[in-house]
Amino acid sequence: MGAIQKSDSREQAVERMITLLEQASQQDCTLVVYPELALTTFFPRWYMEDQAEVDTWFEQQMPGPATQPLFDRAKALKIAISFGFAELTPDGQHFNTSIMTDREANIVGRYRKTHLPGHSEFDTERDFQHLEKRYFLPGDTGFPVTRTMGGIFGMCICNDRRWPETYRVMGLQGVEMICLGYNTPSVNSQRRNEGPADRLFHNRLVMQSGAYQNSTWVVGIAKAGVEDGFPLIGGSLIVDPNGKIAVEAQSEEDELIVHACDLDDCTFGKKTIFDFARHRRTEHYGLIVEQTGVVEPAL
Ligand code: CDT
């Protein structure tokens, strides 16, 4: 999806999502994946102190009044959908969330972002803010997978894609397709010479390796273009279970990319080089869960 400006309404975003859905229907798609925070601008770039103002960016119902038309159209077209939004739960918790529906528009999967990047206070050292740690709690779902549409599907969100643990936890549940949305600034706010070429390189690197090492499809979908004056990378792509890019977006605007993903293509890798049951040596992996930061050996 192209940019969503701060002044754009949810209804406008949903209208654009429905247009993409109609195009997908023309091409016989059965699943459409949209980006992280697909209904609004990427609001964590704005510093806010008033919680009531913050809450205006969150959804208390899904579907709600603005999103019901998307669910209705998806159901009529028999297309499953996955998209991200800011979730405010009935007990007042704030999450960066993605859901997935089946082809009848029933929500069959819900994932809350685990690896929240950025910071929680205004940072004068950065060229722009990234306040996810201020506005969201770390997700409480873990990385569940869902059996639907004859396959095993999982989700993660943006920064999660940079962490091998994300893919492996789903790989250990036999995942065959990971749907993920992202909003990645085109320039590193803490290192100006890291621009779009580097950012797109990392984007491909992490999703291709995650797909290959777990023998799963990865569908990575950007919100792209200049949002509120701040550029976001595009580079939406679909990666096959061999780690190769099957198709990649060409623009930074609303654009449908389509690929026929055969979930059986996951079988070869899962039964050979990445047959986890035969080859993993968990007795040597303890540090991964026992320790968060780096502990260097004594000098
Ligand atoms: N949305 C999101 O997670 N973006 C991050 C940028 C991190 S820069 C603080 C990403 O990993 O792309």
# chains A, B, ... in the order shown; residues from 1 in each chain; ligands from 1
>>> residues_near_ligand(ligand="ligand 1", cutoff="9 Å", atoms="only C-alpha atoms and all ligand atoms", output="VMD selection string")
chain A and resid 36 to 37 42 44 113 115 to 119 129 to 132 157 to 162 181 to 185 187 to 190 199 203
>>> write_last_selection(atoms="C-alpha atoms", output="JSON list (two decimals), in the first residue's frame")
[["chain", "number", "residue", "atom", "x", "y", "z"],
["A", 36, "GLU", "CA", 1.26, -3.26, 9.47],
["A", 37, "LEU", "CA", -1.05, -0.47, 10.78],
["A", 42, "PHE", "CA", 2.38, 5.13, 11.04],
["A", 44, "PRO", "CA", 4.42, 6.09, 16.32],
["A", 113, "LYS", "CA", 3.80, -7.77, 17.83],
["A", 115, "HIS", "CA", 9.69, -7.24, 19.05],
["A", 116, "LEU", "CA", 8.76, -3.57, 19.50],
["A", 117, "PRO", "CA", 11.52, -1.34, 18.08],
["A", 118, "GLY", "CA", 12.33, 2.24, 18.96],
["A", 119, "HIS", "CA", 12.00, 4.06, 22.26],
["A", 129, "GLN", "CA", 10.86, 9.51, 16.32],
["A", 130, "HIS", "CA", 9.91, 5.84, 16.49],
["A", 131, "LEU", "CA", 7.78, 5.56, 19.64],
["A", 132, "GLU", "CA", 6.44, 2.01, 19.47],
["A", 157, "ILE", "CA", 4.90, -7.79, 12.22],
["A", 158, "CYS", "CA", 7.66, -5.61, 10.80],
["A", 159, "ASN", "CA", 10.62, -5.61, 13.20],
["A", 160, "ASP", "CA", 9.79, -9.24, 14.11],
["A", 161, "ARG", "CA", 11.04, -10.18, 10.64],
["A", 162, "ARG", "CA", 14.60, -9.29, 11.61],
["A", 181, "GLY", "CA", 3.25, -6.33, 7.22],
["A", 182, "TYR", "CA", 5.81, -3.61, 7.75],
["A", 183, "ASN", "CA", 6.44, 0.16, 7.90],
["A", 184, "THR", "CA", 10.17, 0.70, 7.50],
["A", 185, "PRO", "CA", 11.60, 4.21, 7.21],
["A", 187, "VAL", "CA", 16.61, 6.12, 6.21],
["A", 188, "ASN", "CA", 17.97, 5.01, 9.57],
["A", 189, "SER", "CA", 17.06, 7.82, 12.01],
["A", 190, "GLN", "CA", 20.30, 7.15, 13.92],
["A", 199, "ARG", "CA", 17.19, -0.95, 4.03],
["A", 203, "ASN", "CA", 14.48, -6.45, 4.04]]
>>> select_by_dssp(residues="segment 165-245 of chain A", states="strand (DSSP E or B)", output="MDAnalysis selection string")
chainID A and resid 177:182 185 188 191 217:222 225:227 230:232 237:239 245
>>> closest_residue(among="A:Glu176, A:Glu49, A:Glu87, A:Glu255", to="Ser120 of chain A", atoms="only C-alpha atoms")
A:Glu49
>>> residues_around(residues="segment 287-298 of chain A", least_positions_apart="5", cutoff="12 Å", atoms="only C-alpha atoms", output="PyMOL selection string")
chain A and resi 163-165+168-169+282
>>> write_last_selection(atoms="all heavy atoms", output="CSV table (one decimal), in the first residue's frame")
chain,number,residue,atom,x,y,z
A,163,TRP,N,14.3,-11.0,13.3
A,163,TRP,CA,14.7,-11.9,14.4
A,163,TRP,C,14.5,-13.4,14.0
A,163,TRP,O,13.4,-13.8,13.7
A,163,TRP,CB,13.9,-11.6,15.7
A,163,TRP,CG,14.2,-10.2,16.1
A,163,TRP,CD1,13.5,-9.1,15.7
A,163,TRP,CD2,15.2,-9.7,16.9
A,163,TRP,NE1,14.0,-7.9,16.2
A,163,TRP,CE2,15.1,-8.3,17.0
A,163,TRP,CE3,16.2,-10.4,17.6
A,163,TRP,CZ2,16.0,-7.5,17.8
A,163,TRP,CZ3,17.1,-9.6,18.4
A,163,TRP,CH2,17.0,-8.2,18.4
A,164,PRO,N,15.6,-14.2,13.9
A,164,PRO,CA,15.4,-15.6,13.5
A,164,PRO,C,14.5,-16.4,14.4
A,164,PRO,O,13.8,-17.3,13.9
A,164,PRO,CB,16.8,-16.2,13.5
A,164,PRO,CG,17.7,-15.2,14.2
A,164,PRO,CD,17.0,-13.9,14.2
A,165,GLU,N,14.4,-16.0,15.7
A,165,GLU,CA,13.5,-16.7,16.6
A,165,GLU,C,12.1,-16.7,16.1
A,165,GLU,O,11.3,-17.7,16.3
A,165,GLU,CB,13.6,-16.1,18.0
A,165,GLU,CG,15.0,-16.3,18.7
A,165,GLU,CD,15.9,-15.1,18.3
A,165,GLU,OE1,15.7,-14.4,17.4
A,165,GLU,OE2,17.0,-15.1,19.0
A,168,ARG,N,11.6,-19.4,13.5
A,168,ARG,CA,11.8,-20.7,14.0
A,168,ARG,C,10.7,-21.2,14.9
A,168,ARG,O,10.3,-22.4,14.8
A,168,ARG,CB,13.2,-20.8,14.7
A,168,ARG,CG,13.7,-22.1,15.2
A,168,ARG,CD,13.6,-23.3,14.2
A,168,ARG,NE,14.2,-23.0,12.9
A,168,ARG,CZ,15.4,-23.3,12.5
A,168,ARG,NH1,16.2,-23.8,13.4
A,168,ARG,NH2,15.8,-23.0,11.3
A,169,VAL,N,10.2,-20.3,15.7
A,169,VAL,CA,9.1,-20.7,16.6
A,169,VAL,C,7.9,-21.2,15.7
A,169,VAL,O,7.2,-22.2,16.0
A,169,VAL,CB,8.7,-19.6,17.6
A,169,VAL,CG1,7.4,-20.0,18.4
A,169,VAL,CG2,9.8,-19.4,18.6
A,282,THR,N,19.1,-29.3,20.4
A,282,THR,CA,18.6,-28.4,21.4
A,282,THR,C,19.5,-28.3,22.6
A,282,THR,O,19.4,-27.3,23.3
A,282,THR,CB,17.1,-28.7,21.8
A,282,THR,OG1,17.1,-30.1,22.2
A,282,THR,CG2,16.2,-28.5,20.6
>>> closest_residue(among="A:Arg45, A:Asp102, A:Pro138, A:Thr89", to="Phe122 of chain A", atoms="only C-alpha atoms")
A:Arg45
>>> atom_distance(atom1="atom CA of Glu59 of chain A", atom2="atom CA of Ser82 of chain A")
15.5 Å
>>> residues_around(residues="Met170 of chain A", least_positions_apart="4", cutoff="8 Å", atoms="only C-alpha atoms", output="compact mmCIF listing (two decimals) with N, CA and C atoms, in the first residue's frame")
# COMPACT_ATOMS: atom_id res chain seq x y z
N PHE A 143 3.94 -16.71 19.04
CA PHE A 143 3.83 -16.82 17.57
C PHE A 143 2.95 -18.01 17.22
N PRO A 144 1.64 -17.85 17.38
CA PRO A 144 0.76 -19.00 17.10
C PRO A 144 0.64 -19.23 15.60
N VAL A 145 0.29 -20.44 15.22
CA VAL A 145 -0.06 -20.72 13.81
C VAL A 145 -1.50 -21.21 13.78
N GLY A 154 0.96 -18.47 9.76
CA GLY A 154 1.37 -17.69 10.92
C GLY A 154 1.54 -16.23 10.52
N THR A 166 11.66 -15.58 15.50
CA THR A 166 10.29 -15.40 15.01
C THR A 166 9.92 -16.55 14.07
N GLY A 174 5.37 -26.16 12.11
CA GLY A 174 5.08 -26.60 10.75
C GLY A 174 4.56 -25.52 9.82
N VAL A 175 4.84 -24.26 10.13
CA VAL A 175 4.26 -23.18 9.34
C VAL A 175 4.59 -23.32 7.85
>>> closest_residue(among="A:Ile79, A:Ala52, A:Val14, A:Met177", to="Thr216 of chain A", atoms="only C-alpha atoms")
A:Met177
>>> residues_around(residues="Val219 of chain A", least_positions_apart="6", cutoff="8 Å", atoms="only C-alpha atoms", output="list in words")
Val33, Met177, Ile178, Cys179, Leu180, Ser236, Leu237, Ile238 and Val239 of chain A
>>> write_last_selection(atoms="N, CA, C and O atoms", output="PDB file, in the first residue's frame")
ATOM      1  N   VAL A  33      -2.887 -10.038   1.644  1.00  0.00           N
ATOM      2  CA  VAL A  33      -2.166  -9.572   2.834  1.00  0.00           C
ATOM      3  C   VAL A  33      -1.886  -8.074   2.679  1.00  0.00           C
ATOM      4  O   VAL A  33      -1.426  -7.630   1.620  1.00  0.00           O
ATOM      5  N   MET A 177       3.090 -20.766   5.596  1.00  0.00           N
ATOM      6  CA  MET A 177       3.072 -19.388   5.071  1.00  0.00           C
ATOM      7  C   MET A 177       3.043 -18.404   6.241  1.00  0.00           C
ATOM      8  O   MET A 177       2.185 -18.520   7.116  1.00  0.00           O
ATOM      9  N   ILE A 178       4.004 -17.470   6.214  1.00  0.00           N
ATOM     10  CA  ILE A 178       4.037 -16.402   7.224  1.00  0.00           C
ATOM     11  C   ILE A 178       3.631 -15.104   6.533  1.00  0.00           C
ATOM     12  O   ILE A 178       4.225 -14.711   5.524  1.00  0.00           O
ATOM     13  N   CYS A 179       2.592 -14.474   7.069  1.00  0.00           N
ATOM     14  CA  CYS A 179       2.110 -13.209   6.516  1.00  0.00           C
ATOM     15  C   CYS A 179       2.592 -12.095   7.428  1.00  0.00           C
ATOM     16  O   CYS A 179       2.356 -12.151   8.634  1.00  0.00           O
ATOM     17  N   LEU A 180       3.235 -11.109   6.844  1.00  0.00           N
ATOM     18  CA  LEU A 180       3.754 -10.031   7.693  1.00  0.00           C
ATOM     19  C   LEU A 180       3.673  -8.705   6.981  1.00  0.00           C
ATOM     20  O   LEU A 180       3.915  -8.603   5.788  1.00  0.00           O
ATOM     21  N   SER A 236       7.591  -4.753  -1.119  1.00  0.00           N
ATOM     22  CA  SER A 236       6.741  -5.899  -0.761  1.00  0.00           C
ATOM     23  C   SER A 236       7.150  -7.092  -1.609  1.00  0.00           C
ATOM     24  O   SER A 236       7.431  -6.946  -2.805  1.00  0.00           O
ATOM     25  N   LEU A 237       7.168  -8.260  -0.994  1.00  0.00           N
ATOM     26  CA  LEU A 237       7.592  -9.428  -1.769  1.00  0.00           C
ATOM     27  C   LEU A 237       6.960 -10.716  -1.248  1.00  0.00           C
ATOM     28  O   LEU A 237       6.431 -10.766  -0.126  1.00  0.00           O
ATOM     29  N   ILE A 238       7.001 -11.707  -2.109  1.00  0.00           N
ATOM     30  CA  ILE A 238       6.603 -13.061  -1.725  1.00  0.00           C
ATOM     31  C   ILE A 238       7.828 -13.938  -1.943  1.00  0.00           C
ATOM     32  O   ILE A 238       8.391 -13.967  -3.047  1.00  0.00           O
ATOM     33  N   VAL A 239       8.260 -14.610  -0.868  1.00  0.00           N
ATOM     34  CA  VAL A 239       9.463 -15.457  -0.923  1.00  0.00           C
ATOM     35  C   VAL A 239       9.030 -16.914  -0.857  1.00  0.00           C
ATOM     36  O   VAL A 239       8.167 -17.277  -0.034  1.00  0.00           O
TER      37      VAL A 239
END
>>> closest_residue(among="A:Gln26, A:Thr141, A:Gln12, A:Thr272", to="Thr67 of chain A", atoms="only C-alpha atoms")
A:Gln12
>>> residues_around(residues="Phe83 of chain A", least_positions_apart="2", cutoff="12 Å", atoms="only C-alpha atoms", output="ChimeraX atom specification")
/A:1,13-14,17,31-40,62-63,67,70-71,80-81,85-87,96-101,107,109-112,155-158,179-182,219-223
>>> atom_distance(atom1="atom CA of Gly286 of chain A", atom2="atom CA of Gly142 of chain A")
18.4 Å
>>> residues_around(residues="Leu137 of chain A", least_positions_apart="6", cutoff="8 Å", atoms="only C-alpha atoms", output="PDB file with N, CA and C atoms, in the first residue's frame")
ATOM      1  N   GLN A  93      -5.575  -2.551  27.219  1.00  0.00           N
ATOM      2  CA  GLN A  93      -4.204  -2.835  26.776  1.00  0.00           C
ATOM      3  C   GLN A  93      -4.039  -2.441  25.305  1.00  0.00           C
ATOM      4  N   HIS A  94      -2.844  -1.915  24.996  1.00  0.00           N
ATOM      5  CA  HIS A  94      -2.567  -1.426  23.646  1.00  0.00           C
ATOM      6  C   HIS A  94      -1.558  -2.351  22.961  1.00  0.00           C
ATOM      7  N   PHE A  95      -1.935  -2.860  21.811  1.00  0.00           N
ATOM      8  CA  PHE A  95      -1.037  -3.751  21.072  1.00  0.00           C
ATOM      9  C   PHE A  95      -0.955  -3.339  19.605  1.00  0.00           C
ATOM     10  N   ASN A  96       0.177  -3.714  18.992  1.00  0.00           N
ATOM     11  CA  ASN A  96       0.340  -3.598  17.539  1.00  0.00           C
ATOM     12  C   ASN A  96      -0.008  -4.986  16.993  1.00  0.00           C
TER      13      ASN A  96
END
>>> atom_distance(atom1="atom CA of Ser215 of chain A", atom2="atom CA of Ala249 of chain A")
22.3 Å
>>> select_by_dssp(residues="segment 98-242 of chain A", states="alpha helix (DSSP H)", output="MDAnalysis selection string")
chainID A and resid 132:135 164:171 196:214
>>> write_last_selection(atoms="N, CA and C atoms", output="compact mmCIF listing (two decimals), in the first residue's frame")
# COMPACT_ATOMS: atom_id res chain seq x y z
N GLU A 132 7.25 3.23 19.24
CA GLU A 132 6.44 2.01 19.47
C GLU A 132 6.48 1.57 20.93
N LYS A 133 7.64 1.73 21.56
CA LYS A 133 7.74 1.28 22.97
C LYS A 133 6.91 2.18 23.89
N ARG A 134 6.53 3.38 23.43
CA ARG A 134 5.68 4.26 24.23
C ARG A 134 4.21 3.86 24.11
N TYR A 135 3.81 3.50 22.90
CA TYR A 135 2.37 3.34 22.65
C TYR A 135 1.86 1.91 22.74
N PRO A 164 15.58 -14.20 13.92
CA PRO A 164 15.41 -15.59 13.48
C PRO A 164 14.47 -16.40 14.36
N GLU A 165 14.39 -16.01 15.66
CA GLU A 165 13.51 -16.74 16.57
C GLU A 165 12.06 -16.70 16.09
N THR A 166 11.66 -15.58 15.50
CA THR A 166 10.29 -15.40 15.01
C THR A 166 9.92 -16.55 14.07
N TYR A 167 10.77 -16.76 13.08
CA TYR A 167 10.48 -17.77 12.06
C TYR A 167 10.59 -19.18 12.65
N ARG A 168 11.60 -19.37 13.52
CA ARG A 168 11.85 -20.73 14.00
C ARG A 168 10.72 -21.22 14.89
N VAL A 169 10.19 -20.30 15.74
CA VAL A 169 9.07 -20.73 16.61
C VAL A 169 7.88 -21.16 15.75
N MET A 170 7.65 -20.46 14.66
CA MET A 170 6.56 -20.89 13.77
C MET A 170 6.98 -22.12 12.95
N GLY A 171 8.26 -22.16 12.58
CA GLY A 171 8.76 -23.33 11.85
C GLY A 171 8.56 -24.60 12.65
N PRO A 196 17.83 3.89 1.54
CA PRO A 196 16.88 2.89 1.04
C PRO A 196 17.53 1.63 0.47
N ALA A 197 18.70 1.78 -0.18
CA ALA A 197 19.32 0.58 -0.78
C ALA A 197 19.70 -0.41 0.32
N ASP A 198 20.31 0.09 1.39
CA ASP A 198 20.66 -0.79 2.52
C ASP A 198 19.42 -1.36 3.18
N ARG A 199 18.41 -0.51 3.34
CA ARG A 199 17.19 -0.95 4.03
C ARG A 199 16.48 -2.05 3.23
N LEU A 200 16.50 -1.89 1.89
CA LEU A 200 15.85 -2.93 1.06
C LEU A 200 16.69 -4.21 1.04
N PHE A 201 18.01 -4.05 1.11
CA PHE A 201 18.88 -5.22 1.19
C PHE A 201 18.57 -6.04 2.45
N HIS A 202 18.47 -5.34 3.58
CA HIS A 202 18.17 -6.05 4.84
C HIS A 202 16.78 -6.68 4.79
N ASN A 203 15.86 -5.97 4.16
CA ASN A 203 14.48 -6.45 4.04
C ASN A 203 14.45 -7.82 3.35
N ARG A 204 15.16 -7.87 2.22
CA ARG A 204 15.19 -9.15 1.47
C ARG A 204 15.97 -10.20 2.26
N LEU A 205 17.10 -9.78 2.81
CA LEU A 205 17.98 -10.72 3.52
C LEU A 205 17.23 -11.48 4.61
N VAL A 206 16.49 -10.74 5.44
CA VAL A 206 15.87 -11.40 6.59
C VAL A 206 14.69 -12.28 6.16
N MET A 207 13.92 -11.83 5.20
CA MET A 207 12.76 -12.64 4.82
C MET A 207 13.18 -13.84 3.98
N GLN A 208 14.19 -13.66 3.13
CA GLN A 208 14.66 -14.81 2.34
C GLN A 208 15.29 -15.86 3.24
N SER A 209 16.07 -15.42 4.23
CA SER A 209 16.70 -16.43 5.11
C SER A 209 15.65 -17.09 6.00
N GLY A 210 14.69 -16.30 6.50
CA GLY A 210 13.63 -16.89 7.33
C GLY A 210 12.84 -17.93 6.57
N ALA A 211 12.55 -17.64 5.32
CA ALA A 211 11.79 -18.58 4.49
C ALA A 211 12.61 -19.86 4.26
N TYR A 212 13.85 -19.68 3.82
CA TYR A 212 14.70 -20.83 3.50
C TYR A 212 14.96 -21.72 4.72
N GLN A 213 15.32 -21.08 5.84
CA GLN A 213 15.74 -21.87 7.01
C GLN A 213 14.58 -22.60 7.68
N ASN A 214 13.36 -22.26 7.28
CA ASN A 214 12.18 -22.92 7.86
C ASN A 214 11.30 -23.53 6.79
>>> closest_residue(among="A:Glu22, A:Asp240, A:Glu227, A:Glu53", to="Cys266 of chain A", atoms="only C-alpha atoms")
A:Asp240
